[in-house]
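Data from work_12.csv: CSV, C-alpha atoms and all ligand atoms
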chain,number,residue,atom,x,y,z
D,27,MET,CA,21.3,20.1,3.9
D,28,LYS,CA,20.8,23.1,6.3
D,29,ILE,CA,17.3,23.5,7.6
D,30,THR,CA,16.2,27.0,8.7
D,31,LYS,CA,13.4,28.1,10.9
D,32,GLU,CA,11.6,29.4,7.8
D,33,ASP,CA,11.8,25.9,6.3
D,34,ARG,CA,10.0,24.5,9.3
D,35,MET,CA,7.5,27.3,9.6
D,36,SER,CA,6.4,26.9,6.0
D,37,CYS,CA,5.3,23.2,6.6
D,38,SER,CA,1.7,22.2,7.2
D,39,VAL,CA,2.6,21.3,10.8
D,40,HIS,CA,5.0,23.4,12.9
D,41,LEU,CA,5.7,24.9,16.3
D,42,SER,CA,4.0,28.2,17.0
D,43,GLU,CA,6.2,31.4,17.1
D,44,ASP,CA,5.9,31.4,21.0
D,45,GLU,CA,6.8,27.7,21.0
D,46,LYS,CA,3.8,26.8,23.2
D,47,ALA,CA,1.4,25.4,20.6
D,48,VAL,CA,1.3,23.1,17.6
D,49,VAL,CA,0.2,24.9,14.5
D,50,ILE,CA,-1.7,22.9,11.8
D,51,LEU,CA,-2.9,23.8,8.4
D,52,ASP,CA,-6.4,22.4,8.5
D,53,GLN,CA,-6.5,20.0,5.6
D,54,THR,CA,-10.2,19.4,6.0
D,55,ARG,CA,-10.8,22.9,4.7
D,56,LEU,CA,-8.7,22.7,1.6
D,57,PRO,CA,-8.8,23.5,-1.3
D,58,ASN,CA,-11.3,26.3,-0.7
D,59,HIS,CA,-10.1,27.7,2.6
D,60,THR,CA,-6.6,28.1,4.0
D,61,GLU,CA,-7.1,28.0,7.8
D,62,TYR,CA,-4.6,27.3,10.6
D,63,LEU,CA,-5.4,25.7,13.9
D,64,THR,CA,-3.2,26.6,16.9
D,65,LEU,CA,-3.5,23.8,19.4
D,66,THR,CA,-2.4,23.4,23.0
D,67,LYS,CA,-4.9,21.0,24.6
D,68,ILE,CA,-4.4,17.2,24.2
D,69,GLY,CA,-8.1,16.7,23.4
D,70,ASP,CA,-7.9,19.2,20.5
D,71,ILE,CA,-4.7,17.6,19.1
D,72,TYR,CA,-6.3,14.2,19.3
D,73,GLU,CA,-9.3,15.4,17.5
D,74,ALA,CA,-7.2,17.2,14.8
D,75,ILE,CA,-5.5,13.8,14.0
D,76,ARG,CA,-8.7,11.8,14.2
D,77,SER,CA,-10.6,14.2,11.9
D,78,LEU,CA,-7.7,14.4,9.4
D,79,ALA,CA,-7.1,18.2,10.0
D,80,VAL,CA,-3.6,16.9,10.1
D,81,ARG,CA,-3.0,13.7,8.0
D,82,GLY,CA,-0.4,11.8,6.1
D,83,ALA,CA,1.9,9.5,8.0
D,84,PRO,CA,5.0,11.7,8.3
D,85,ALA,CA,2.9,14.9,9.2
D,86,ILE,CA,1.1,13.0,11.9
D,87,GLY,CA,4.5,11.9,13.3
D,88,ILE,CA,5.8,15.5,13.2
D,89,CYS,CA,2.6,16.7,14.9
D,90,ALA,CA,2.9,14.0,17.6
D,91,GLY,CA,6.5,15.1,18.3
D,92,TYR,CA,5.5,18.7,18.8
D,93,ALA,CA,2.4,17.7,20.8
D,94,MET,CA,4.5,15.8,23.3
D,95,TYR,CA,6.7,18.8,23.8
D,96,VAL,CA,3.8,21.2,24.1
D,97,LEU,CA,2.1,18.9,26.6
D,98,ALA,CA,5.4,18.5,28.6
D,99,LEU,CA,5.6,22.3,29.0
D,100,GLN,CA,2.2,22.3,30.7
D,101,LYS,CA,3.1,19.7,33.4
D,102,SER,CA,3.1,21.5,36.8
D,103,THR,CA,4.9,18.8,38.7
D,104,GLU,CA,8.5,18.8,39.7
D,105,SER,CA,8.5,15.1,40.3
D,106,ARG,CA,10.3,13.3,37.5
D,107,GLU,CA,8.4,10.2,38.2
D,108,GLU,CA,5.0,11.9,37.9
D,109,PHE,CA,6.1,13.9,34.9
D,110,CYS,CA,7.1,10.7,33.2
D,111,ARG,CA,3.8,8.9,34.1
D,112,HIS,CA,1.7,11.8,32.7
D,113,LEU,CA,3.7,12.1,29.5
D,114,GLU,CA,3.4,8.3,28.9
D,115,ALA,CA,-0.4,8.6,29.4
D,116,ASP,CA,-0.6,11.5,26.9
D,117,GLY,CA,1.4,9.5,24.4
D,118,GLU,CA,-0.8,6.5,24.7
D,119,TYR,CA,-3.9,8.7,24.2
D,120,LEU,CA,-2.5,10.4,21.1
D,121,ILE,CA,-1.5,7.0,19.6
D,122,SER,CA,-5.1,5.8,20.0
D,123,SER,CA,-6.3,8.6,17.6
D,124,ARG,CA,-5.3,6.6,14.5
D,125,PRO,CA,-3.9,3.1,14.5
D,126,THR,CA,-2.4,2.5,11.0
D,127,ALA,CA,0.4,5.0,10.4
D,128,VAL,CA,3.4,3.8,12.4
D,129,ASN,CA,4.9,7.3,12.3
D,130,LEU,CA,2.5,8.3,15.1
D,131,SER,CA,3.7,5.7,17.7
D,132,TRP,CA,7.3,6.0,16.4
D,133,ALA,CA,7.4,9.8,17.1
D,134,VAL,CA,5.7,9.4,20.5
D,135,GLN,CA,8.2,6.7,21.4
D,136,ARG,CA,11.1,8.9,20.3
D,137,MET,CA,9.9,11.6,22.6
D,138,LEU,CA,9.5,9.2,25.6
D,139,ASP,CA,12.9,7.8,24.9
D,140,VAL,CA,14.4,11.2,25.6
D,141,VAL,CA,13.1,11.0,29.1
D,142,HIS,CA,14.1,7.4,29.6
D,143,ARG,CA,17.6,8.0,28.2
D,144,HIS,CA,18.3,10.6,30.9
D,145,PRO,CA,17.4,9.1,34.3
D,146,GLU,CA,19.7,11.7,36.0
D,147,LYS,CA,17.8,14.8,34.6
D,148,ASN,CA,15.1,16.6,36.5
D,149,VAL,CA,11.9,18.0,34.8
D,150,SER,CA,13.3,21.4,33.9
D,151,ASP,CA,16.4,19.9,32.3
D,152,LEU,CA,14.3,17.5,30.2
D,153,ILE,CA,12.1,20.3,28.6
D,154,PRO,CA,14.9,21.7,26.3
D,155,LEU,CA,15.8,18.1,25.3
D,156,LEU,CA,12.2,17.3,24.3
D,157,LYS,CA,12.1,20.5,22.2
D,158,GLU,CA,15.3,19.5,20.5
D,159,GLU,CA,13.9,16.0,19.7
D,160,ALA,CA,10.6,17.4,18.3
D,161,LEU,CA,12.6,19.8,16.1
D,162,ALA,CA,14.9,16.9,15.0
D,163,ILE,CA,11.9,14.8,14.0
D,164,HIS,CA,10.7,17.6,11.8
D,165,GLU,CA,14.0,18.5,10.3
D,166,GLU,CA,14.9,14.9,9.6
D,167,ASP,CA,11.6,14.6,7.7
D,168,ILE,CA,12.5,17.5,5.5
D,169,ARG,CA,15.9,15.9,4.7
D,170,MET,CA,14.3,12.5,4.2
D,171,CYS,CA,11.8,13.9,1.7
D,172,ARG,CA,14.5,15.6,-0.3
D,173,SER,CA,16.5,12.3,-0.6
D,174,ILE,CA,13.3,10.3,-1.5
D,175,ALA,CA,12.6,12.9,-4.2
D,176,GLU,CA,16.1,12.5,-5.6
D,177,TYR,CA,16.0,8.7,-5.6
D,178,GLY,CA,12.5,8.7,-7.0
D,179,LEU,CA,13.4,11.1,-9.8
D,180,SER,CA,16.1,8.7,-11.0
D,181,LEU,CA,13.3,6.2,-11.9
D,182,VAL,CA,11.5,8.3,-14.5
D,183,LYS,CA,12.4,10.1,-17.7
D,184,PRO,CA,11.3,13.5,-19.1
D,185,GLY,CA,7.7,13.3,-20.5
D,186,ASP,CA,6.7,10.3,-18.4
D,187,GLY,CA,3.2,10.0,-17.0
D,188,ILE,CA,2.9,9.1,-13.3
D,189,LEU,CA,-0.2,8.0,-11.5
D,190,THR,CA,-0.6,8.6,-7.8
D,191,HIS,CA,-3.2,7.8,-5.2
D,192,CYS,CA,-4.2,9.8,-2.1
D,193,ASN,CA,-1.9,12.6,-1.1
D,194,ALA,CA,1.8,12.1,-0.2
D,195,GLY,CA,3.0,15.6,-1.0
D,196,PRO,CA,4.2,18.5,1.2
D,197,LEU,CA,0.8,18.7,3.0
D,198,ALA,CA,1.2,15.2,4.2
D,199,THR,CA,4.9,15.5,5.1
D,200,SER,CA,7.3,18.4,5.0
D,201,LYS,CA,8.7,20.3,2.0
D,202,TYR,CA,8.9,17.9,-1.0
D,203,GLY,CA,6.6,15.1,0.2
D,204,THR,CA,7.3,11.4,-0.4
D,205,ALA,CA,5.4,10.1,-3.5
D,206,LEU,CA,5.1,13.6,-4.9
D,207,GLY,CA,8.7,14.5,-4.0
D,208,PRO,CA,10.2,13.4,-7.4
D,209,ILE,CA,7.5,15.4,-9.1
D,210,PHE,CA,8.1,18.6,-7.2
D,211,LEU,CA,11.9,18.1,-7.7
D,212,ALA,CA,11.3,17.5,-11.4
D,213,ARG,CA,9.3,20.8,-11.7
D,214,GLU,CA,12.1,22.7,-9.8
D,215,THR,CA,14.7,21.4,-12.2
D,216,GLY,CA,12.7,21.8,-15.4
D,217,ILE,CA,12.0,18.1,-16.1
D,218,PRO,CA,8.5,17.8,-17.6
D,219,LEU,CA,6.3,15.0,-16.1
D,220,ARG,CA,2.5,14.5,-16.4
D,221,VAL,CA,0.6,13.4,-13.3
D,222,PHE,CA,-2.7,11.5,-13.0
D,223,ALA,CA,-4.2,12.0,-9.6
D,224,ASP,CA,-6.8,9.5,-8.4
D,225,GLU,CA,-9.5,11.5,-6.6
D,226,THR,CA,-9.3,8.9,-3.7
D,227,ARG,CA,-12.8,8.1,-2.4
D,228,PRO,CA,-14.2,8.6,0.1
D,229,LEU,CA,-12.3,11.6,1.5
D,230,LEU,CA,-11.0,12.9,-1.8
D,231,GLN,CA,-7.4,13.5,-0.7
D,232,GLY,CA,-6.4,13.2,-4.4
D,233,ALA,CA,-8.8,15.8,-5.6
D,234,ARG,CA,-8.7,18.2,-2.6
D,235,LEU,CA,-5.0,18.0,-1.8
D,236,THR,CA,-2.9,16.4,-4.5
D,237,SER,CA,-4.4,18.1,-7.5
D,238,TYR,CA,-4.3,21.4,-5.5
D,239,GLU,CA,-0.7,21.1,-4.5
D,240,LEU,CA,0.5,20.1,-8.0
D,241,GLN,CA,-1.6,22.7,-9.8
D,242,LYS,CA,-0.4,25.5,-7.6
D,243,ALA,CA,3.2,24.4,-8.3
D,244,GLY,CA,2.6,24.5,-12.0
D,245,VAL,CA,2.8,20.7,-12.6
D,246,ASP,CA,0.8,19.2,-15.5
D,247,VAL,CA,-1.8,17.3,-13.4
D,248,THR,CA,-5.0,15.6,-14.5
D,249,LEU,CA,-7.6,14.6,-11.9
D,250,ILE,CA,-9.4,11.3,-12.5
D,251,CYS,CA,-12.0,9.3,-10.6
D,252,ASP,CA,-10.5,6.2,-8.9
D,253,ASN,CA,-12.3,3.9,-11.4
D,254,MET,CA,-10.6,5.6,-14.4
D,255,ALA,CA,-7.1,4.4,-13.5
D,256,SER,CA,-7.4,1.3,-15.7
D,257,ILE,CA,-8.4,3.3,-18.9
D,258,VAL,CA,-5.6,5.8,-18.3
D,259,MET,CA,-3.1,2.9,-18.0
D,260,LYS,CA,-4.5,1.1,-21.0
D,261,ASN,CA,-4.2,4.3,-23.1
D,262,GLY,CA,-0.4,4.1,-22.5
D,263,TRP,CA,-0.4,7.4,-20.5
D,264,VAL,CA,1.2,6.0,-17.3
D,265,GLN,CA,4.9,4.9,-17.2
D,266,ALA,CA,5.1,4.6,-13.4
D,267,CYS,CA,2.9,4.6,-10.3
D,268,PHE,CA,4.2,6.5,-7.2
D,269,VAL,CA,2.2,6.1,-3.9
D,270,GLY,CA,3.0,6.9,-0.3
D,271,CYS,CA,2.8,4.5,2.7
D,272,ASP,CA,1.5,4.5,6.2
D,273,ARG,CA,3.3,1.4,7.4
D,274,ILE,CA,5.8,-0.9,5.7
D,275,ALA,CA,6.0,-4.4,7.2
D,276,ALA,CA,9.3,-6.3,7.4
D,277,ASN,CA,8.4,-8.4,4.3
D,278,GLY,CA,7.6,-5.4,2.1
D,279,ASP,CA,3.8,-5.5,2.4
D,280,PHE,CA,2.6,-2.0,3.1
D,281,ALA,CA,-0.6,-0.2,4.2
D,282,ASN,CA,-1.6,2.9,2.3
D,283,LYS,CA,-4.9,4.7,1.5
D,284,ILE,CA,-7.8,2.5,0.6
D,285,GLY,CA,-7.6,1.7,-3.1
D,286,THR,CA,-3.8,1.5,-3.4
D,287,SER,CA,-3.8,-2.3,-3.7
D,288,GLY,CA,-6.2,-2.0,-6.6
D,289,VAL,CA,-3.9,0.4,-8.4
D,290,ALA,CA,-1.0,-2.0,-7.8
D,291,ILE,CA,-3.0,-4.9,-9.3
D,292,LEU,CA,-3.9,-2.8,-12.4
D,293,ALA,CA,-0.2,-1.7,-12.8
D,294,LYS,CA,0.9,-5.4,-12.7
D,295,HIS,CA,-1.7,-6.2,-15.4
D,296,TYR,CA,-0.5,-3.4,-17.7
D,297,GLY,CA,3.2,-4.0,-16.9
D,298,ILE,CA,3.7,-0.6,-15.3
D,299,PRO,CA,6.3,-0.3,-12.5
D,300,PHE,CA,4.7,0.4,-9.1
D,301,TYR,CA,6.7,2.1,-6.4
D,302,THR,CA,5.9,3.1,-2.8
D,303,LEU,CA,8.0,6.0,-1.5
D,304,GLY,CA,8.5,6.6,2.2
D,305,PRO,CA,11.0,7.5,4.9
D,306,ARG,CA,12.6,4.9,7.1
D,307,SER,CA,10.3,6.1,9.9
D,308,THR,CA,7.4,4.3,8.1
D,309,ILE,CA,9.2,0.9,8.1
D,310,ASP,CA,8.0,-1.2,11.0
D,311,MET,CA,10.4,-4.1,11.5
D,312,ASN,CA,8.3,-5.3,14.4
D,313,CYS,CA,5.5,-5.9,12.0
D,314,PRO,CA,6.2,-9.2,10.2
D,315,THR,CA,3.7,-9.0,7.3
D,316,GLY,CA,0.7,-6.9,6.1
D,317,ASP,CA,-1.6,-9.2,8.0
D,318,ASP,CA,-0.2,-7.7,11.2
D,319,ILE,CA,-1.1,-4.1,10.3
D,320,ARG,CA,-4.2,-2.8,12.1
D,321,ILE,CA,-6.5,-1.1,9.6
D,322,GLU,CA,-8.5,1.9,10.7
D,323,GLN,CA,-12.3,1.7,10.2
D,324,ARG,CA,-14.1,5.0,9.7
D,325,HIS,CA,-17.6,6.3,10.0
D,326,PRO,CA,-20.2,5.2,7.3
D,327,ASP,CA,-21.2,8.9,6.9
D,328,GLU,CA,-18.0,9.5,5.0
D,329,ILE,CA,-19.4,7.4,2.2
D,330,LYS,CA,-23.1,8.2,2.5
D,331,THR,CA,-23.4,11.9,3.3
D,332,MET,CA,-20.1,13.8,3.3
D,333,TRP,CA,-19.7,16.0,0.3
D,334,TYR,CA,-23.3,15.7,-0.8
D,335,SER,CA,-26.2,18.0,-0.2
D,336,GLU,CA,-28.4,15.0,0.4
D,337,PRO,CA,-27.6,11.5,1.6
D,338,MET,CA,-26.6,9.2,-1.3
D,339,ALA,CA,-27.9,6.0,0.4
D,340,LEU,CA,-30.7,5.1,2.8
D,341,PRO,CA,-29.7,5.6,6.5
D,342,GLU,CA,-30.2,1.9,7.2
D,343,VAL,CA,-27.8,0.8,4.4
D,344,LYS,CA,-24.7,-0.9,5.9
D,345,CYS,CA,-21.3,0.6,4.9
D,346,TYR,CA,-17.8,-0.9,5.1
D,347,ASN,CA,-15.3,2.0,5.3
D,348,PRO,CA,-11.7,0.9,5.9
D,349,ALA,CA,-9.3,3.8,5.6
D,350,PHE,CA,-6.4,1.8,4.3
D,351,ASP,CA,-5.6,-1.5,2.5
D,352,VAL,CA,-2.5,-3.6,2.3
D,353,THR,CA,-0.6,-4.0,-1.0
D,354,ASP,CA,1.2,-7.3,-1.2
D,355,HIS,CA,4.9,-7.0,-1.7
D,356,SER,CA,4.7,-9.2,-4.8
D,357,LEU,CA,3.0,-6.3,-6.6
D,358,LEU,CA,5.8,-3.8,-5.7
D,359,THR,CA,8.7,-3.0,-8.1
D,360,ALA,CA,10.7,-1.2,-5.4
D,361,ILE,CA,10.4,0.8,-2.2
D,362,VAL,CA,12.0,4.3,-2.5
D,363,THR,CA,13.4,5.3,0.9
D,364,ASP,CA,15.5,8.3,2.0
D,365,ALA,CA,18.5,5.8,2.2
D,366,GLY,CA,18.1,4.3,-1.2
D,367,ILE,CA,15.9,2.2,-3.5
D,368,ILE,CA,15.1,-1.2,-2.1
D,369,TYR,CA,14.4,-4.0,-4.5
D,370,PRO,CA,13.2,-7.6,-3.9
D,371,PRO,CA,13.8,-9.7,-1.9
D,372,PHE,CA,12.3,-7.1,0.4
D,373,ASP,CA,12.6,-9.1,3.7
D,374,ILE,CA,16.3,-9.4,3.3
D,375,ASN,CA,17.0,-5.9,1.8
D,376,LEU,CA,14.7,-4.1,4.3
D,377,ARG,CA,16.5,-5.9,7.2
D,378,LYS,CA,19.9,-4.8,5.8
D,379,LEU,CA,18.7,-1.2,5.3
D,380,MET,CA,17.3,-0.9,8.9
D,381,GLN,CA,20.4,-2.6,10.4
D,382,GLY,CA,22.7,-0.3,8.5
D,401,LIG,O1,-6.0,8.9,5.9
D,401,LIG,P1,-4.8,9.7,5.4
D,401,LIG,O2,-5.2,10.9,4.5
D,401,LIG,O3,-4.0,10.2,6.5
D,401,LIG,O4,-4.0,8.7,4.5
D,401,LIG,C1,-2.8,9.1,4.0
D,401,LIG,C2,-2.1,8.1,3.1
D,401,LIG,O5,-2.6,7.0,2.9
D,401,LIG,C3,-0.8,8.6,2.5
D,401,LIG,O6,-0.7,8.1,1.3
D,401,LIG,C4,0.3,8.1,3.4
D,401,LIG,O7,0.1,8.5,4.7
D,401,LIG,C5,1.6,8.6,3.0
D,401,LIG,S1,1.7,10.3,3.3
D,401,LIG,C6,3.3,10.8,2.8
Could you spell out this file's structure in structure tokens?
Ligand code: MRU
Amino acid sequence: MKITKEDRMSCSVHLSEDEKAVVILDQTRLPNHTEYLTLTKIGDIYEAIRSLAVRGAPAIGICAGYAMYVLALQKSTESREEFCRHLEADGEYLISSRPTAVNLSWAVQRMLDVVHRHPEKNVSDLIPLLKEEALAIHEEDIRMCRSIAEYGLSLVKPGDGILTHCNAGPLATSKYGTALGPIFLARETGIPLRVFADETRPLLQGARLTSYELQKAGVDVTLICDNMASIVMKNGWVQACFVGCDRIAANGDFANKIGTSGVAILAKHYGIPFYTLGPRSTIDMNCPTGDDIRIEQRHPDEIKTMWYSEPMALPEVKCYNPAFDVTDHSLLTAIVTDAGIIYPPFDINLRKLMQG
């Protein structure tokens, strides 16, 4: 699959025309405002990731790749050793912005590996290699999303209803998306599917982003509150659940947006197949189980005050606001990756996939 510059530039994260900045479609402003951020400073890039202006595991990884290149360009030193030290410190700082999605540290590490792989090269020779790697991370994601879309589409039939949680579409990735990939591909090829999008409390990625992307593409999408998933399943309207993932552990447990594990439990109850869809860059073989995944905790105001004209709870009320939960692999029908559909036993089959 040939990827053009236009393909890259149309993604929610890309390199600026002058190739000195990371450009981000600010997802905190959607669906009412389409605004782009052009970022060059490390503090601004960190803040864009932390505040979810750029979000979704693969998009964060793409952003990190470009960020490392843009920051490398700004280093004034000619000393390879100093360059390397500064770039490593930048990478560490960026990784600390959000802990759960493995794609962030994976992309930073890929960029640092370019430097480590070429001990003979001086700083000016490393710069084009870093640019090449950042572009490769992005282009690979476009290809991976397309393969995931094809594999995922093979799991459903015309007229099926699909329930999804959070946003794992083009905004969170590149081009097709992961969990929404089969749905966009179905639309492109004229296969009718119906989608139920959980609104996804507290940050409403399902309402603000998923229903927006699907509606704009002409997909039959119905927005529901998170607590309506059960009735929609009981009504017989859902034939499969497709969700994204932020980190897949070696045994198949996976972290995704808070509420995902509840959807998986409901799907099991109603006998509905439940799939997570993600690229190989989201599989972390160094993480043995879901218990080893660090879950990001976010500010209580996201529950109490955000989106409301007045606070919806007393200021002194305690809040628990984990951004993700872990779905046990026993609830998963299969993992749809860019290299194929992985069925249980996940520990053995994931190892085979990653070794292959
Ligand atoms: O907090 P977010 O919005 O970054 O969480 C995103 C998710 O949980 C997505 O489902 C996941 O990253 C997969 S995106 C292709």
Each range 165-237 of chain D residue no farther than 8 Å from range 76-89 of chain D, nearest pair in Å, only C-alpha atoms, as CSV:
residue,atom,partner,partner_atom,distance
D:Asp167,CA,D:Pro84,CA,7.2
D:Asn193,CA,D:Gly82,CA,7.4
D:Ala194,CA,D:Gly82,CA,6.7
D:Leu197,CA,D:Ala85,CA,7.6
D:Ala198,CA,D:Gly82,CA,4.2
D:Thr199,CA,D:Ala85,CA,4.6
D:Ser200,CA,D:Ala85,CA,7.0
Could you write out the selected residues, including C-alpha atoms, as a short mmCIF file (atom, residue, chain, number, x, y, z; two decimals), in the frame of the given file?
data_model
loop_
_atom_site.label_atom_id
_atom_site.label_comp_id
_atom_site.auth_asym_id
_atom_site.auth_seq_id
_atom_site.Cartn_x
_atom_site.Cartn_y
_atom_site.Cartn_z
CA ASP D 167 11.60 14.60 7.70
CA ASN D 193 -1.90 12.60 -1.10
CA ALA D 194 1.80 12.10 -0.20
CA LEU D 197 0.80 18.70 3.00
CA ALA D 198 1.20 15.20 4.20
CA THR D 199 4.90 15.50 5.10
CA SER D 200 7.30 18.40 5.00
#
* Could you give me, as number ranges by chain, the residues within 10 Å of Lys344 in chain D, counting all atoms listed in the file and dropping anything in the same chain fewer than 5 positions from it? => D: 326, 330, 339
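The closest residue to Phe268 in chain D, picked from D:Thr308, D:Cys192, D:Trp333, D:Gln323 and counting all atoms listed in the file, is D:Cys192.
Within a radius of 6 Å around (7.5, 19.5, 9.5), the polymer residues are Arg34, Cys37, Val39, His40, Ile88, His164 and Ser200 of chain D, counting only C-alpha atoms.
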* **Best match for closeness to Asn253 in chain D among D:Gly270, D:Gly232, D:Gly285, D:Pro145, counting only C-alpha atoms** => D:Gly285
For Ile368 in chain D, please output as a CSV table (one decimal) with C-alpha atoms, keeping the file's coordinate frame all residues within 12 Å (counting only C-alpha atoms; exclusion window: fewer than 5 positions along the same chain).
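The resulting file, out.csv, is shown below:
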chain,number,residue,atom,x,y,z
D,174,ILE,CA,13.3,10.3,-1.5
D,177,TYR,CA,16.0,8.7,-5.6
D,178,GLY,CA,12.5,8.7,-7.0
D,277,ASN,CA,8.4,-8.4,4.3
D,278,GLY,CA,7.6,-5.4,2.1
D,301,TYR,CA,6.7,2.1,-6.4
D,302,THR,CA,5.9,3.1,-2.8
D,303,LEU,CA,8.0,6.0,-1.5
D,304,GLY,CA,8.5,6.6,2.2
D,305,PRO,CA,11.0,7.5,4.9
D,306,ARG,CA,12.6,4.9,7.1
D,309,ILE,CA,9.2,0.9,8.1
D,355,HIS,CA,4.9,-7.0,-1.7
D,358,LEU,CA,5.8,-3.8,-5.7
D,359,THR,CA,8.7,-3.0,-8.1
D,360,ALA,CA,10.7,-1.2,-5.4
D,361,ILE,CA,10.4,0.8,-2.2
D,362,VAL,CA,12.0,4.3,-2.5
D,363,THR,CA,13.4,5.3,0.9
D,373,ASP,CA,12.6,-9.1,3.7
D,374,ILE,CA,16.3,-9.4,3.3
D,375,ASN,CA,17.0,-5.9,1.8
D,376,LEU,CA,14.7,-4.1,4.3
D,377,ARG,CA,16.5,-5.9,7.2
D,378,LYS,CA,19.9,-4.8,5.8
D,379,LEU,CA,18.7,-1.2,5.3
D,380,MET,CA,17.3,-0.9,8.9
* To do: Neighbourhood query: residues within 9 Å of (2.3, 24.9, 10.4), file coordinates, counting all atoms listed in the file; return as number ranges by chain.
  => D: 34-42, 48-51, 62-64
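With all atoms listed in the file as the atoms that count, the residue of D:Asp364, D:Asp116, D:Asp351, D:Glu61 with the shortest distance to ligand LIG 401 (chain D) is D:Asp351.
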* Structure fact -> Across D:Arg124, D:Arg234, D:Arg55, D:Lys101, the smallest distance to Glu73 in chain D, with all atoms listed in the file counted, is shown by D:Arg124
* Structure fact -> As a check of understanding: the span from CA of Gly91 in chain D to CA of Asp279 in chain D is 26.2 Å
* **Near-Ala281 in chain D list (10 Å; all atoms listed in the file; drop same-chain fewer than 3 positions) as a PyMOL selection string** => chain D and resi 126-128+270-275+278+284+286-287+308+316-317+319-321+349-354
* Atom-to-atom span, CA of Thr66 in chain D and CA of Ala47 in chain D, Å -> 4.9 Å
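In this structure, atom C4 of ligand LIG 401 (chain D) sits 20.1 Å away from CA of Thr248 in chain D.
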Could I see range 67-79 of chain D restored to N, CA, C and O atoms, set down as a short mmCIF file (atom, residue, chain, number, x, y, z; two decimals), in the coordinates of the input?
data_model
loop_
_atom_site.label_atom_id
_atom_site.label_comp_id
_atom_site.auth_asym_id
_atom_site.auth_seq_id
_atom_site.Cartn_x
_atom_site.Cartn_y
_atom_site.Cartn_z
N LYS D 67 -4.26 21.98 23.69
CA LYS D 67 -4.90 21.00 24.60
C LYS D 67 -4.83 19.59 23.92
O LYS D 67 -5.06 19.45 22.71
N ILE D 68 -4.61 18.59 24.76
CA ILE D 68 -4.40 17.20 24.20
C ILE D 68 -5.70 16.77 23.48
O ILE D 68 -5.61 16.14 22.43
N GLY D 69 -6.88 17.12 24.01
CA GLY D 69 -8.10 16.70 23.40
C GLY D 69 -8.25 17.29 21.96
O GLY D 69 -8.71 16.62 21.02
N ASP D 70 -7.81 18.53 21.80
CA ASP D 70 -7.90 19.20 20.50
C ASP D 70 -6.89 18.58 19.50
O ASP D 70 -7.16 18.45 18.31
N ILE D 71 -5.73 18.22 20.02
CA ILE D 71 -4.70 17.60 19.10
C ILE D 71 -5.18 16.22 18.70
O ILE D 71 -5.10 15.86 17.52
N TYR D 72 -5.73 15.47 19.65
CA TYR D 72 -6.30 14.20 19.30
C TYR D 72 -7.33 14.30 18.22
O TYR D 72 -7.32 13.57 17.23
N GLU D 73 -8.22 15.24 18.40
CA GLU D 73 -9.30 15.40 17.50
C GLU D 73 -8.80 15.91 16.08
O GLU D 73 -9.33 15.51 15.04
N ALA D 74 -7.76 16.73 16.08
CA ALA D 74 -7.20 17.20 14.80
C ALA D 74 -6.61 16.00 14.02
O ALA D 74 -6.74 15.93 12.79
N ILE D 75 -6.03 15.03 14.72
CA ILE D 75 -5.50 13.80 14.00
C ILE D 75 -6.65 12.96 13.59
O ILE D 75 -6.71 12.51 12.45
N ARG D 76 -7.60 12.70 14.50
CA ARG D 76 -8.70 11.80 14.20
C ARG D 76 -9.56 12.33 13.00
O ARG D 76 -9.98 11.61 12.12
N SER D 77 -9.77 13.66 12.98
CA SER D 77 -10.60 14.20 11.90
C SER D 77 -9.89 14.52 10.64
O SER D 77 -10.48 15.00 9.68
N LEU D 78 -8.57 14.25 10.63
CA LEU D 78 -7.70 14.40 9.40
C LEU D 78 -7.45 15.91 9.12
O LEU D 78 -7.13 16.25 7.99
N ALA D 79 -7.57 16.77 10.15
CA ALA D 79 -7.10 18.20 10.00
C ALA D 79 -5.61 18.11 9.68
O ALA D 79 -5.09 18.85 8.86
#
